[in-house]
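Input: a single structure, listed below in structure tokens.
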Amino acid sequence: MSQIVIDIVEEILKKISTITKKLDWPDLPIDLNSPIGDFAVVCFPAAKTLKKNPAEIASEIALEIENIDQVLSAETEKGYCNITIDWNEIVTNVIKEIDHKSYAKTIEKPDRILIEHTSANPTGPFHMGRARNPIIGDSIARLLEYYGHEVATEYYVNDTGRQAATLAFGLSNYETKNEKKVDHELVDAYRIASKLLEEDEIVRKQIYQKMEDIEGGNSETLREVKNSAKRMLEGMEISLKRLGAEANNYFHESDLIANGKVSEVIEALKDSKICKEEDGAYYLDLEGENIAGRNQKFFFTRKNGLSLYTTRDIAYHLYKFKKYDKALNVLGEDHRLQSKLLGIALRELNSKEPIGLFYSFVNLPGGKMSTRAGRVIYLDDIMEKIVELAKHKLDETDLSEIKKNELAEDIGIGSLRYNVLKVQAEKGFTFNMEDALNLQGDSAPFAMYSHARAAAIIRNYSKDMPEVSINGKLSNSEIKLLRTLAKWPGTVQRSVNNLSIHYIPNYAHELAANFNQFYRDCPVIGNENEALRINLVAISKKILKTSLGILGVKAPNQM
RNA sequence: GGGCCUGUAGCCUAGCCUGGAAGGGCGUCUGGCUUCUAACCAGAAGAUCCAGGGUUCGAAUCCCUGCAGGCCCGCCA
């Protein structure tokens, strides 16, 4: 909450406590999320000791509380006494507080944080099953940066292992026609190679040889797989750019083999007290760690001495912690165990551990999406469709064609991001085209539209912003709007603490809804309370824009 | 078999951490644009909060036991 509001609530609570003491009543619990007013005194617990019914207690305490200076009203409802603080007294200061650039940024010491997100295997275009990752990762990065941390983002490119070898094999053996966006074009070669890997013994041998060469550190092969991945990524990057979720840097897994970092990790892990060996393969014995309910052998080399995926991931994380204080990884839920094992291995090497942010998969009605099988809904297609839909809605407006296209892009992409972000990450969902393309209700355009309305009022006002002052009393819509604006710092804090991005779209919707009600009830221009209201519009606009910005959604001045 | 995540109106979802009055949205129905932009607003209908037990004055929320769905349990990535 706004600091001013926190202070005044505390002051009132102290006075209430004095009152209950004077009456010789037990302390009554407070509900800070009461549906009516700013907070509520819960009267049920006192019923037994006072031998009165809760409603009676509520009425009695309400009479006393109403006399407190900072209280505007105390209404009783069943066993609750709902208290509204006197916003009239604090409104000018609260508006100034919200208007200040440090509002909601309560950080003491910034961390240097590396957020790894997306990191999809570069084997084909992004499908909707994978799209959750860049959208969440990018928005978390924006959130932490807004909060005050120094944030960088990185895409870990998986260009070693079987899939990378299969792609490289495919690209070197099959012609492409250059008719489509590059990733959509190249995925055919990957599919053909994948199929042959399963069916053709000779191809299988060639691909497995390539894998050996990769892990063995053959520089020519490493160069080949890296280049194959880069060719595919070229197309994938275009999608990310359009989504507004491109990472700052691409880190190639193959480089960890090429520069010997993986070998260093293997040697270091062999010195661990819990390192054991079986048929020439080395592992950490995780007995006692109680991983997934069983004793776990965590292999970090094969019997031929070569590295495994996680071994390379360990090397990657050692590198991360050389440059950053914290590492945050946005990963699919299938990586949970993997991530836990990585943490243990890093601990063995006296390194810090990354923080994991896991999300559940987006599935299709019949099951999961698969690039290899071609059972996919592409991110590119969804972006295209939703932007087109947004464009269609702009048909009747008298904006220029260029402006319309720009706006349609912002609305379409914004909606897509918003629809993904508003759901708690742990919640799995089945992809629903209708929901994904929805532009009404709890969606990006709703908040964008409120922002555009606010911008229109300020445009029409066409004077310099006046000093905040109040003339008369605040209406209910104004109080409700202020209450929501005052909740912004708490929302940001909670979102940062839990790494839960869905609080932000939830908040943006609430703020926009409250602004729309204010818009309906309170004419601004020409009103006797114009000076206050125009300031209220300005701070609403500011917080709307900020919250949308964290989501990666643009806040247009017109739509 | 074991571990983790999820279960809230026809559908999607918030609230669960920190117990106190079940919020939104889609869809359905009714009403509102000569007044700062109707992608909006007002109203109606719709919920055994997966089930059962426990703790509590009070449980969607905490604890136990189940059930259902997802993910994982490889010298693959």
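Just remember, in the structure tokens the first chain shown is A, the second B, etc., residues are 1-based per chain, and ligands are 1-based in the order shown.
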
### Task
For chain B, work out the contacting residues on chain A at 8 Å, counting only C-alpha atoms (C1' of nucleotides), and write them as a PyMOL selection string.
chain A and resi 31+34-35+42+44-45+47-48+161-163+281+291-294+299+301-303+309+333-337+360+423+426-428+435+439-442+445-446+449+452-453+456-457+460+506+516-517+520+523-525+559

### strand (DSSP E) positions in segment 166-328 of chain A, given as a list in words
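So, restricting segment 166-328 of chain A to strand (DSSP E), we get Asn249, Tyr250, Phe251, His252, Cys275, Lys276, Glu277, Glu278, Ala281, Tyr282, Tyr283, Leu284, Asp285, Lys297, Phe298, Phe299, Lys326, Ala327 and Leu328 of chain A.
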
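For the atom pair formed by atom CA of Ile539 of chain A and atom CA of Glu467 of chain A, the distance is 13.2 Å, given to one decimal.
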
Can you tell me which residues surround A60 of chain B at a distance of at most 12 Å, considering only C-alpha atoms (C1' of nucleotides), apart from same-chain residues fewer than 2 positions away, and format the answer as an mmCIF file with C-alpha atoms (C1' of nucleotides), in the first residue's frame?
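In the end it all went to around01.cif:
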data_model
loop_
_atom_site.group_PDB
_atom_site.id
_atom_site.type_symbol
_atom_site.label_atom_id
_atom_site.label_comp_id
_atom_site.auth_asym_id
_atom_site.auth_seq_id
_atom_site.Cartn_x
_atom_site.Cartn_y
_atom_site.Cartn_z
ATOM 1 C "C1'" G B 7 -8.613 -29.301 -9.144
ATOM 2 C "C1'" U B 8 -13.296 -22.868 -7.594
ATOM 3 C "C1'" A B 14 -8.507 -14.664 -8.855
ATOM 4 C "C1'" G B 15 -8.463 -15.624 -3.782
ATOM 5 C "C1'" C B 16 -4.751 -20.451 -0.724
ATOM 6 C "C1'" G B 19 -8.083 -18.802 8.186
ATOM 7 C "C1'" A B 22 -16.541 -16.720 -2.634
ATOM 8 C "C1'" A B 47 -20.828 -22.130 -7.182
ATOM 9 C "C1'" C B 49 -14.871 -24.107 -3.781
ATOM 10 C "C1'" C B 50 -12.905 -32.619 -6.388
ATOM 11 C "C1'" C B 62 -4.193 -25.105 7.678
#

Give the alpha helix (DSSP H) residues of segment 129-347 of chain A, as DSSP finds them on the backbone, and put them as a tab-separated table (two decimals) with C-alpha atoms, in the first residue's frame.
chain	number	residue	atom	x	y	z
A	129	GLY	CA	3.30	-24.95	-26.09
A	130	ARG	CA	6.62	-23.13	-25.87
A	131	ALA	CA	5.36	-19.57	-26.05
A	132	ARG	CA	4.65	-19.38	-22.35
A	133	ASN	CA	8.37	-19.35	-21.63
A	134	PRO	CA	9.50	-16.18	-23.42
A	135	ILE	CA	6.36	-14.32	-22.39
A	136	ILE	CA	6.74	-15.13	-18.69
A	137	GLY	CA	10.52	-14.78	-18.75
A	138	ASP	CA	10.47	-11.44	-20.47
A	139	SER	CA	7.79	-10.03	-18.19
A	140	ILE	CA	9.56	-11.21	-15.06
A	141	ALA	CA	12.66	-9.46	-16.39
A	142	ARG	CA	10.66	-6.27	-16.90
A	143	LEU	CA	9.18	-6.61	-13.42
A	144	LEU	CA	12.53	-7.04	-11.67
A	145	GLU	CA	14.03	-4.24	-13.68
A	146	TYR	CA	11.14	-1.93	-12.82
A	147	TYR	CA	11.60	-2.86	-9.19
A	161	GLY	CA	23.14	-33.69	-28.39
A	162	ARG	CA	20.84	-35.75	-30.52
A	163	GLN	CA	18.40	-33.09	-31.65
A	164	ALA	CA	21.20	-30.75	-32.66
A	165	ALA	CA	22.96	-33.53	-34.53
A	166	THR	CA	19.72	-34.50	-36.25
A	167	LEU	CA	19.12	-30.92	-37.33
A	168	ALA	CA	22.66	-30.55	-38.66
A	169	PHE	CA	22.30	-33.80	-40.55
A	170	GLY	CA	18.98	-32.67	-41.98
A	171	LEU	CA	20.24	-29.29	-43.07
A	172	SER	CA	23.29	-30.71	-44.80
A	173	ASN	CA	21.34	-33.37	-46.67
A	182	VAL	CA	13.40	-19.49	-42.48
A	183	ASP	CA	12.45	-21.55	-39.41
A	184	HIS	CA	9.26	-22.77	-41.05
A	185	GLU	CA	11.34	-23.68	-44.06
A	186	LEU	CA	14.08	-25.53	-42.22
A	187	VAL	CA	11.84	-27.52	-39.95
A	188	ASP	CA	10.98	-29.81	-42.87
A	189	ALA	CA	14.59	-30.91	-43.11
A	190	TYR	CA	14.58	-31.58	-39.38
A	191	ARG	CA	11.43	-33.67	-39.66
A	192	ILE	CA	12.78	-35.74	-42.51
A	193	ALA	CA	16.02	-36.36	-40.62
A	194	SER	CA	14.08	-37.26	-37.45
A	195	LYS	CA	12.03	-39.79	-39.32
A	196	LEU	CA	15.09	-41.37	-40.92
A	197	LEU	CA	16.82	-41.49	-37.56
A	198	GLU	CA	14.08	-43.83	-36.45
A	199	GLU	CA	13.77	-45.84	-39.64
A	201	GLU	CA	20.03	-47.71	-39.81
A	202	ILE	CA	22.67	-45.88	-41.88
A	203	VAL	CA	21.31	-42.44	-41.06
A	204	ARG	CA	21.04	-43.40	-37.42
A	205	LYS	CA	24.72	-44.34	-37.37
A	206	GLN	CA	25.71	-41.08	-39.02
A	207	ILE	CA	23.75	-38.98	-36.55
A	208	TYR	CA	25.09	-40.90	-33.57
A	209	GLN	CA	28.60	-40.45	-34.90
A	210	LYS	CA	27.95	-36.74	-35.06
A	211	MET	CA	26.84	-36.79	-31.42
A	212	GLU	CA	30.06	-38.52	-30.42
A	213	ASP	CA	32.05	-35.95	-32.37
A	214	ILE	CA	30.21	-33.11	-30.68
A	215	GLU	CA	30.74	-34.37	-27.18
A	216	GLY	CA	34.29	-35.40	-27.96
A	219	SER	CA	35.90	-28.53	-33.56
A	220	GLU	CA	34.60	-28.90	-37.09
A	221	THR	CA	31.48	-30.73	-35.94
A	222	LEU	CA	30.96	-28.21	-33.16
A	223	ARG	CA	31.11	-25.46	-35.72
A	224	GLU	CA	28.62	-27.30	-37.90
A	225	VAL	CA	26.01	-27.80	-35.19
A	226	LYS	CA	26.40	-24.26	-33.95
A	227	ASN	CA	25.85	-22.92	-37.45
A	228	SER	CA	22.85	-25.17	-38.04
A	229	ALA	CA	21.30	-23.93	-34.81
A	230	LYS	CA	22.04	-20.35	-35.80
A	231	ARG	CA	20.33	-20.76	-39.14
A	232	MET	CA	17.19	-22.01	-37.43
A	233	LEU	CA	17.42	-19.36	-34.75
A	234	GLU	CA	17.45	-16.63	-37.32
A	235	GLY	CA	13.77	-17.34	-37.97
A	236	MET	CA	12.93	-17.95	-34.32
A	237	GLU	CA	14.46	-14.62	-33.36
A	238	ILE	CA	12.07	-12.83	-35.68
A	239	SER	CA	9.15	-14.35	-33.77
A	240	LEU	CA	10.61	-13.35	-30.42
A	241	LYS	CA	11.25	-9.84	-31.62
A	242	ARG	CA	7.66	-9.52	-32.74
A	243	LEU	CA	6.53	-10.86	-29.37
A	253	GLU	CA	26.01	-24.85	-25.30
A	254	SER	CA	28.54	-26.04	-27.87
A	255	ASP	CA	30.94	-23.32	-26.73
A	256	LEU	CA	31.18	-24.94	-23.31
A	257	ILE	CA	32.60	-28.05	-24.91
A	258	ALA	CA	34.79	-26.12	-27.32
A	261	LYS	CA	34.77	-25.68	-19.43
A	262	VAL	CA	32.87	-28.96	-19.41
A	263	SER	CA	36.03	-30.96	-18.85
A	264	GLU	CA	36.88	-28.72	-15.90
A	265	VAL	CA	33.50	-29.45	-14.36
A	266	ILE	CA	33.99	-33.18	-14.79
A	267	GLU	CA	37.35	-33.06	-13.08
A	268	ALA	CA	36.03	-30.95	-10.23
A	269	LEU	CA	33.04	-33.22	-9.64
A	270	LYS	CA	35.27	-36.28	-9.55
A	309	TYR	CA	23.38	-32.44	-20.76
A	310	THR	CA	23.38	-31.53	-17.08
A	311	THR	CA	27.17	-31.57	-16.92
A	312	ARG	CA	27.19	-28.84	-19.49
A	313	ASP	CA	24.43	-27.02	-17.65
A	314	ILE	CA	26.63	-27.03	-14.54
A	315	ALA	CA	29.43	-25.41	-16.53
A	316	TYR	CA	26.95	-22.84	-17.82
A	317	HIS	CA	25.83	-21.95	-14.33
A	318	LEU	CA	29.36	-21.59	-13.02
A	319	TYR	CA	29.82	-19.05	-15.77
A	320	LYS	CA	26.58	-17.28	-14.81
A	321	PHE	CA	27.64	-16.81	-11.22
A	322	LYS	CA	30.95	-15.33	-12.26
A	323	LYS	CA	29.09	-12.38	-13.73
A	336	ARG	CA	11.86	-29.65	-12.02
A	337	LEU	CA	13.84	-32.72	-11.05
A	338	GLN	CA	16.64	-31.82	-13.42
A	339	SER	CA	16.88	-28.42	-11.82
A	340	LYS	CA	17.04	-29.88	-8.33
A	341	LEU	CA	19.91	-32.17	-9.38
A	342	LEU	CA	21.70	-29.22	-10.95
A	343	GLY	CA	21.39	-27.34	-7.67
A	344	ILE	CA	22.90	-30.20	-5.70
A	345	ALA	CA	25.81	-30.53	-8.10
A	346	LEU	CA	26.50	-26.80	-7.93
A	347	ARG	CA	26.44	-26.98	-4.15

### Task
For G54 of chain B, list every protein, DNA or RNA residue within 12 Å, evaluated using only C-alpha atoms (C1' of nucleotides), and leave out those in the same chain fewer than 2 positions away; present the list as a PyMOL selection string.
chain B and resi 52+56+59+62-65

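Note that atom CA of Lys78 of chain A and atom CA of Ala62 of chain A are 12.2 Å apart.
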
### Query
Any idea what the distance is between atom CA of Ala40 of chain A and atom CA of Cys81 of chain A?
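Straight-line distance from atom CA of Ala40 of chain A to atom CA of Cys81 of chain A works out to 5.4 Å.
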
### Message
I'd like the contact shell of Thr49 of chain A - 12 Å cut-off, only C-alpha atoms (C1' of nucleotides), skipping same-chain residues fewer than 5 positions apart - returned as an MDAnalysis selection string.
### Response
(chainID A and resid 24:28 43:44 54 57) or (chainID B and resid 57)

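The closest residue to Ile85 of chain A, picked from A:Val468, A:Ala245, A:Ala538, A:Lys480 and counting only C-alpha atoms, is A:Lys480.
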